[in-house]
>>> print(open('data-v6.txt').read())   # compact mmCIF, C-alpha atoms
# COMPACT_ATOMS: atom_id res chain seq x y z
CA MET A 232 -4.80 27.61 12.93
CA THR A 233 -3.87 28.60 16.49
CA THR A 234 -6.94 26.81 17.88
CA VAL A 235 -5.88 23.42 16.48
CA PRO A 236 -4.67 21.12 19.27
CA ALA A 237 -1.12 19.80 19.16
CA SER A 238 -0.41 16.58 17.26
CA LEU A 239 2.40 14.09 16.83
CA LEU A 240 3.06 12.74 13.35
CA ILE A 241 4.58 9.26 13.20
CA LEU A 242 6.11 8.73 9.75
CA ASN A 243 7.12 5.45 8.22
CA GLY A 244 10.75 5.92 7.24
CA LYS A 245 10.00 5.07 3.61
CA GLY A 246 7.81 8.14 3.15
CA ALA A 247 9.60 10.59 5.42
CA GLY A 248 11.47 12.33 2.61
CA GLU A 249 8.39 13.41 0.62
CA PRO A 250 8.86 17.16 -0.23
CA LEU A 251 5.10 17.81 -0.41
CA LEU A 252 4.72 16.43 3.09
CA ARG A 253 7.48 18.67 4.42
CA ASP A 254 5.75 21.65 2.80
CA ALA A 255 2.40 20.68 4.35
CA VAL A 256 3.89 20.41 7.84
CA THR A 257 5.70 23.74 7.41
CA THR A 258 2.50 25.46 6.31
CA LEU A 259 0.59 24.18 9.33
CA ARG A 260 3.35 25.27 11.70
CA GLU A 261 3.48 28.71 10.13
CA GLY A 262 -0.28 28.93 10.76
CA GLY A 263 0.28 28.33 14.47
CA ALA A 264 -0.24 24.55 14.73
CA THR A 265 2.08 22.46 16.89
CA VAL A 266 3.10 19.39 14.91
CA HIS A 267 5.75 17.10 16.38
CA VAL A 268 7.34 14.73 13.84
CA ARG A 269 8.88 11.32 14.56
CA VAL A 270 10.20 8.77 12.03
CA THR A 271 10.08 5.00 12.56
CA TRP A 272 13.13 2.86 11.93
CA GLU A 273 12.14 -0.55 13.28
CA LYS A 274 9.21 -2.42 14.77
CA GLY A 275 8.29 -1.06 18.19
CA ASP A 276 9.07 2.56 17.36
CA ALA A 277 5.39 3.47 16.93
CA GLU A 278 4.54 2.16 20.40
CA ARG A 279 7.36 4.21 21.90
CA TYR A 280 6.27 7.35 20.05
CA VAL A 281 2.66 6.92 21.18
CA ALA A 282 3.94 6.83 24.77
CA GLU A 283 5.84 10.04 24.05
CA ALA A 284 2.68 11.57 22.59
CA ARG A 285 0.89 10.90 25.88
CA GLU A 286 3.68 12.69 27.75
CA LEU A 287 3.45 15.65 25.36
CA GLY A 288 -0.31 15.82 25.86
CA VAL A 289 -1.17 15.96 22.17
CA ALA A 290 -4.74 15.52 21.00
CA THR A 291 -3.90 13.48 17.92
CA VAL A 292 -1.35 10.91 16.83
CA VAL A 293 -1.14 10.86 13.03
CA ALA A 294 -0.06 7.64 11.33
CA GLY A 295 1.86 8.59 8.21
CA GLY A 296 2.40 5.51 6.05
CA GLY A 297 0.49 2.55 4.67
CA ASP A 298 -1.95 0.14 6.26
CA GLY A 299 0.80 -1.45 8.35
CA THR A 300 1.78 1.87 9.91
CA ILE A 301 -1.86 2.71 10.67
CA ASN A 302 -2.26 -0.71 12.26
CA GLU A 303 0.82 -0.31 14.44
CA VAL A 304 -0.19 3.13 15.69
CA ALA A 305 -3.82 2.08 16.27
CA THR A 306 -2.70 -0.99 18.21
CA ALA A 307 -0.51 1.18 20.44
CA LEU A 308 -3.36 3.64 21.03
CA ILE A 309 -5.90 1.04 22.17
CA ALA A 310 -3.34 -0.27 24.64
CA CYS A 311 -3.30 3.14 26.35
CA ARG A 312 -5.05 3.51 29.68
CA GLY A 313 -6.45 6.52 31.49
CA GLU A 314 -8.05 9.69 30.18
CA ASP A 315 -7.21 12.03 27.28
CA ILE A 316 -6.06 9.26 24.95
CA PRO A 317 -5.15 10.86 21.59
CA ALA A 318 -7.29 10.35 18.52
CA LEU A 319 -5.89 8.63 15.44
CA GLY A 320 -5.19 10.67 12.33
CA ILE A 321 -4.43 9.07 8.97
CA LEU A 322 -1.93 10.28 6.39
CA PRO A 323 -1.74 7.85 3.43
CA LEU A 324 1.85 7.33 2.33
CA GLY A 325 1.89 3.61 1.56
CA THR A 326 1.58 1.46 -1.55
CA ALA A 327 -2.08 0.45 -1.44
CA ASN A 328 -3.52 2.67 1.33
CA ASP A 329 -6.60 0.45 1.47
CA PHE A 330 -8.01 1.76 4.74
CA ALA A 331 -7.33 5.41 3.97
CA THR A 332 -8.93 5.08 0.53
CA SER A 333 -12.01 3.28 1.78
CA VAL A 334 -12.75 5.83 4.54
CA GLY A 335 -12.35 8.75 2.13
CA ILE A 336 -9.06 10.34 3.19
CA PRO A 337 -8.06 12.96 0.55
CA ASP A 338 -5.26 12.06 -1.86
CA ASP A 339 -3.75 15.52 -1.53
CA LEU A 340 -1.21 15.41 1.32
CA ALA A 341 -1.91 18.93 2.56
CA ASN A 342 -5.67 18.32 2.82
CA ALA A 343 -5.13 14.87 4.30
CA LEU A 344 -2.87 16.30 7.01
CA LYS A 345 -5.37 19.04 7.86
CA LEU A 346 -8.10 16.44 8.25
CA ALA A 347 -5.80 14.21 10.31
CA ILE A 348 -5.17 16.88 12.94
CA ALA A 349 -8.39 18.92 12.86
CA GLY A 350 -11.15 16.58 11.63
CA ASN A 351 -13.94 15.28 13.83
CA ALA A 352 -12.85 12.41 16.09
CA ILE A 353 -15.32 9.55 15.72
CA ALA A 354 -15.37 6.36 17.78
CA VAL A 355 -14.74 3.33 15.54
CA ASP A 356 -14.28 -0.39 16.07
CA ILE A 357 -11.05 -2.34 15.97
CA ALA A 358 -10.48 -6.10 15.87
CA ARG A 359 -8.25 -8.09 18.19
CA VAL A 360 -6.60 -11.40 17.24
CA ASN A 361 -5.66 -14.07 19.79
CA ASN A 362 -5.99 -11.44 22.51
CA GLU A 363 -2.70 -9.90 21.38
CA THR A 364 -2.41 -8.15 18.02
CA CYS A 365 -5.03 -6.04 16.25
CA PHE A 366 -6.25 -4.80 12.89
CA ILE A 367 -8.37 -1.78 12.07
CA ASN A 368 -9.07 -2.64 8.44
CA MET A 369 -8.99 -6.32 7.50
CA ALA A 370 -7.53 -9.76 8.08
CA THR A 371 -7.03 -11.73 4.88
CA GLY A 372 -5.99 -15.33 4.45
CA GLY A 373 -5.35 -17.69 1.55
CA PHE A 374 -3.97 -17.04 -1.91
CA GLY A 375 -4.47 -13.28 -1.69
CA THR A 376 -2.39 -13.12 1.48
CA ARG A 377 0.46 -15.01 -0.13
CA ILE A 378 0.46 -12.56 -3.01
CA THR A 379 0.46 -9.41 -0.86
CA THR A 380 3.25 -10.71 1.37
CA GLU A 381 5.38 -11.94 -1.54
CA THR A 382 5.03 -9.00 -3.96
CA PRO A 383 8.50 -7.44 -4.43
CA GLU A 384 9.04 -4.01 -2.88
CA LYS A 385 10.41 -2.60 -6.14
CA LEU A 386 7.26 -3.67 -7.99
CA LYS A 387 5.05 -2.08 -5.31
CA ALA A 388 7.06 1.14 -5.44
CA ALA A 389 6.78 1.33 -9.22
CA LEU A 390 3.16 0.31 -9.75
CA GLY A 391 1.36 0.82 -6.45
CA GLY A 392 -1.72 -1.27 -5.68
CA VAL A 393 -1.94 -2.80 -9.18
CA SER A 394 1.36 -4.56 -8.45
CA TYR A 395 -0.54 -7.08 -6.30
CA LEU A 396 -2.74 -8.09 -9.24
CA ILE A 397 0.21 -8.36 -11.62
CA HIS A 398 2.22 -10.46 -9.20
CA GLY A 399 -0.83 -12.63 -8.53
CA LEU A 400 -1.25 -13.39 -12.23
CA MET A 401 2.43 -14.29 -12.38
CA ARG A 402 1.97 -16.77 -9.51
CA MET A 403 -1.14 -18.59 -10.74
CA ASP A 404 0.84 -21.82 -10.54
CA THR A 405 0.71 -21.58 -6.74
CA LEU A 406 -3.07 -21.21 -6.65
CA LYS A 407 -4.33 -23.66 -4.04
CA PRO A 408 -6.86 -23.45 -1.20
CA ASP A 409 -6.41 -23.73 2.55
CA ARG A 410 -8.49 -26.32 4.40
CA CYS A 411 -9.92 -24.80 7.57
CA GLU A 412 -12.91 -24.54 9.91
CA ILE A 413 -14.53 -21.20 10.72
CA ARG A 414 -17.03 -20.53 13.50
CA GLY A 415 -18.94 -17.39 14.46
CA GLU A 416 -22.24 -16.44 16.05
CA ASP A 417 -24.87 -18.66 14.37
CA PHE A 418 -22.26 -19.70 11.83
CA HIS A 419 -20.17 -22.78 11.10
CA TRP A 420 -18.29 -23.62 7.91
CA GLN A 421 -15.64 -26.18 7.06
CA GLY A 422 -13.93 -26.71 3.74
CA ASP A 423 -11.32 -25.40 1.29
CA ALA A 424 -10.92 -21.62 1.20
CA LEU A 425 -9.19 -19.88 -1.65
CA VAL A 426 -9.46 -16.44 -0.02
CA ILE A 427 -10.71 -15.43 3.45
CA GLY A 428 -11.54 -11.84 4.31
CA ILE A 429 -12.57 -10.75 7.80
CA GLY A 430 -13.29 -7.08 7.55
CA ASN A 431 -13.80 -4.21 9.88
CA GLY A 432 -13.16 -2.20 6.72
CA ARG A 433 -14.03 -3.17 3.17
CA GLN A 434 -11.00 -3.46 0.91
CA ALA A 435 -7.53 -4.99 0.88
CA GLY A 436 -4.81 -6.04 -1.53
CA GLY A 437 -4.67 -2.75 -3.39
CA GLY A 438 -8.38 -2.02 -3.82
CA GLN A 439 -10.14 -5.41 -3.80
CA GLN A 440 -13.56 -5.06 -2.13
CA LEU A 441 -13.44 -8.27 -0.10
CA CYS A 442 -16.07 -7.20 2.46
CA PRO A 443 -18.22 -4.62 0.63
CA GLU A 444 -20.93 -4.49 3.31
CA ALA A 445 -18.64 -3.70 6.26
CA PHE A 446 -18.90 -0.64 8.49
CA ILE A 447 -16.30 0.46 11.00
CA ASN A 448 -18.75 1.50 13.71
CA ASP A 449 -21.44 -1.21 13.73
CA GLY A 450 -19.84 -3.53 16.29
CA LEU A 451 -19.54 -6.36 13.75
CA LEU A 452 -16.92 -8.08 11.65
CA ASN A 453 -17.83 -9.15 8.12
CA LEU A 454 -16.64 -12.52 6.83
CA ARG A 455 -16.30 -13.41 3.17
CA ILE A 456 -14.98 -16.77 2.00
CA PHE A 457 -14.15 -17.60 -1.59
CA THR A 458 -14.32 -21.38 -1.54
CA GLY A 459 -11.76 -23.50 -3.32
CA GLU A 460 -13.91 -26.41 -4.43
CA GLU A 461 -13.70 -25.14 -7.99
CA LEU A 462 -10.70 -22.84 -8.14
CA LEU A 463 -11.16 -21.11 -11.47
CA PRO A 464 -14.89 -20.29 -11.01
CA ALA A 465 -14.15 -19.02 -7.51
CA LEU A 466 -11.36 -16.76 -8.71
CA LEU A 467 -13.39 -15.42 -11.63
CA GLY A 468 -16.34 -14.82 -9.33
CA ALA A 469 -14.13 -12.91 -6.91
CA LEU A 470 -12.76 -10.70 -9.68
CA SER A 471 -16.23 -10.02 -11.10
CA ARG A 472 -17.70 -9.45 -7.63
CA ALA A 473 -20.69 -11.59 -8.54
CA GLU A 474 -23.24 -11.33 -5.74
CA ASP A 475 -24.94 -14.65 -6.52
CA ASN A 476 -21.76 -16.69 -6.90
CA SER A 477 -22.13 -20.04 -5.14
CA ASN A 478 -18.42 -19.99 -4.31
CA ILE A 479 -18.86 -16.94 -2.05
CA ILE A 480 -19.95 -17.39 1.59
CA GLU A 481 -20.74 -14.39 3.80
CA HIS A 482 -21.60 -13.77 7.44
CA ALA A 483 -21.39 -11.02 10.06
CA SER A 484 -20.52 -11.64 13.71
CA THR A 485 -18.85 -10.03 16.72
CA ARG A 486 -16.25 -12.80 16.69
CA PHE A 487 -14.80 -15.57 14.53
CA SER A 488 -12.56 -18.55 15.23
CA ILE A 489 -10.47 -20.16 12.49
CA THR A 490 -8.68 -23.47 12.92
CA ALA A 491 -6.63 -25.41 10.37
CA PRO A 492 -4.76 -28.73 10.31
CA HIS A 493 -1.70 -26.96 8.94
CA ASP A 494 -0.11 -23.52 9.31
CA ILE A 495 -1.90 -20.74 7.46
CA THR A 496 -1.02 -17.07 7.26
CA PHE A 497 -3.32 -14.13 7.84
CA ASN A 498 -2.37 -10.65 6.76
CA LEU A 499 -3.48 -8.14 9.42
CA ASP A 500 -3.36 -4.75 7.70
CA GLY A 501 -0.07 -5.67 6.11
CA GLU A 502 1.39 -7.59 9.06
CA PRO A 503 1.60 -11.40 8.58
CA LEU A 504 0.53 -13.74 11.38
CA CYS A 505 1.11 -17.47 10.94
CA GLY A 506 -0.52 -20.26 12.92
CA ARG A 507 -3.18 -22.97 13.06
CA GLU A 508 -5.69 -21.23 15.33
CA PHE A 509 -7.00 -17.67 15.23
CA HIS A 510 -9.58 -16.10 17.55
CA ILE A 511 -10.80 -12.74 16.27
CA GLU A 512 -13.16 -10.41 18.16
CA VAL A 513 -14.40 -6.89 17.57
CA LEU A 514 -13.78 -4.16 20.15
CA PRO A 515 -16.65 -1.71 19.58
CA GLY A 516 -15.76 1.98 19.66
CA ALA A 517 -12.27 1.18 20.94
CA ILE A 518 -10.51 4.05 19.20
CA ARG A 519 -11.32 7.58 18.05
CA CYS A 520 -10.34 8.35 14.47
CA ARG A 521 -10.42 11.67 12.61
CA LEU A 522 -12.50 11.01 9.50
CA PRO A 523 -14.22 13.07 6.79
CA PRO A 524 -17.89 13.93 7.49
CA ASP A 525 -19.02 11.89 4.47
CA CYS A 526 -17.01 8.78 5.35
CA PRO A 527 -18.70 5.88 3.51
CA LEU A 528 -17.73 3.31 6.17
CA LEU A 529 -19.79 4.90 8.94
CA ARG A 530 -23.25 3.50 9.55
>>> encode(input="data-v6.txt", output="C-alpha cells")
Amino acid sequence: MTTVPASLLILNGKGAGEPLLRDAVTTLREGGATVHVRVTWEKGDAERYVAEARELGVATVVAGGGDGTINEVATALIACRGEDIPALGILPLGTANDFATSVGIPDDLANALKLAIAGNAIAVDIARVNNETCFINMATGGFGTRITTETPEKLKAALGGVSYLIHGLMRMDTLKPDRCEIRGEDFHWQGDALVIGIGNGRQAGGGQQLCPEAFINDGLLNLRIFTGEELLPALLGALSRAEDNSNIIEHASTRFSITAPHDITFNLDGEPLCGREFHIEVLPGAIRCRLPPDCPLLR
C-alpha cells in the first residue's frame, strides 16, 4: 500500500462515528497509506478542507457521506485553479447514496475506501446552475423534490431510501404540478410538470431512475418531464417506468433553462435551490473521479 498517493477524507459528521469506517482507515494506514481525516460541522467546511488538501498535496479528496456531501466536495474541487487538482473519491455514508449506487461504488466500506483512494481517476462531467452552484448527479423539481426535502430525518435514518416513497404516499394530498417553461438545444416545452429530472447521473430520490439514459462523460444533460395534465396516469407511469407513456417527455442537451411564474424548488444532489429562473449547463470533463472499471454510467 506504500505506493498509494496520500488522500484526505472529508466525512459528514453524521457518519463519522461508524466503527467499520474507522477500521478501514486504520487498515489502510497500517498498510502504509497516508489518509488525513476531517469531519464537517457546518456548510462551508468542505470548501475549507479542499483548500487544505491542496496545501497538503494529496492526490485524492474523498467525500464520505451522501449525495449532498459529494456535491459539496465536487463543487469545491471544480473551483480549484492551477495544476495537480485532486481527484474525487466517493465513500457512500448517506441515506439514499443515489450517485454512489448508480456508478457502482461497493457497499462494503473497506472496498469502497480502497477504490476511492486507489481507483482509476476518470474525467467526468458536472453541471452548473445559474453560474454559481453545481450538481454531479441530478437536479430534480416538482412533487418528488418536495418529498425528498420534507422527509423526516428519523424516517430516513430508520428506513433509508424507501423512506422517500413512504413519505410520498403519506403526502398524496399535496400532489400538484408546477407550471413552467423549459428550453434547451432544439427543444421547447411549456406546461404543468409533476416531476422534472435533469440528470448528469441517472437516479435520485432513493433509487428512482429518473434519467435512465444518462452518462456522466458524454457532455450532455438528460431531461425527463412527467407532465401533470393527468396527475394519476403520470404518477403511475413514472412508477412503472413505462417507455411509451404520453405523460413522459425526454430530451438531451448541453444546457437547459427553466422559468416559472412562481417560485419552484430544485433539489441539487440533496441541496434545495428555490427561484423562478434556472440556467443549467454541463461542464464536460470538469472533474476527475475515481470509479470502478465497469462503471455503468461511462459511455
>>> residues_around(input="data-v6.txt", residues="stretch 273-286 of chain A", least_positions_apart="3", cutoff="12 Å", atoms="all atoms listed in the file", output="number ranges by chain")
A: 237-245, 266-270, 289-296, 299-319, 502
>>> atom_distance(input="data-v6.txt", atom1="atom CA of A:Ala445", atom2="atom CA of A:Leu529")
9.1 Å
>>> residues_around(input="data-v6.txt", residues="A:Ala255", least_positions_apart="4", cutoff="9 Å", atoms="only C-alpha atoms", output="list in words")
Pro250, Leu251, Leu259, Arg260, Leu340, Ala341, Asn342, Leu344 and Lys345 of chain A
>>> closest_residue(input="data-v6.txt", among="A:Ala247, A:Val235, A:Leu454, A:Ala347", to="A:Ala331", atoms="only C-alpha atoms")
A:Ala347
>>> residues_around(input="data-v6.txt", residues="A:Pro524", least_positions_apart="6", cutoff="10 Å", atoms="all atoms listed in the file", output="list of chain:residue names")
A:Gly335, A:Gly350, A:Asn351, A:Ile353
>>> write_last_selection(input="data-v6.txt", atoms="C-alpha atoms", output="PDB file, in the frame of the given file")
ATOM      1  CA  GLY A 335     -12.350   8.750   2.130  1.00  0.00           C
ATOM      2  CA  GLY A 350     -11.150  16.580  11.630  1.00  0.00           C
ATOM      3  CA  ASN A 351     -13.940  15.280  13.830  1.00  0.00           C
ATOM      4  CA  ILE A 353     -15.320   9.550  15.720  1.00  0.00           C
TER       5      ILE A 353
END
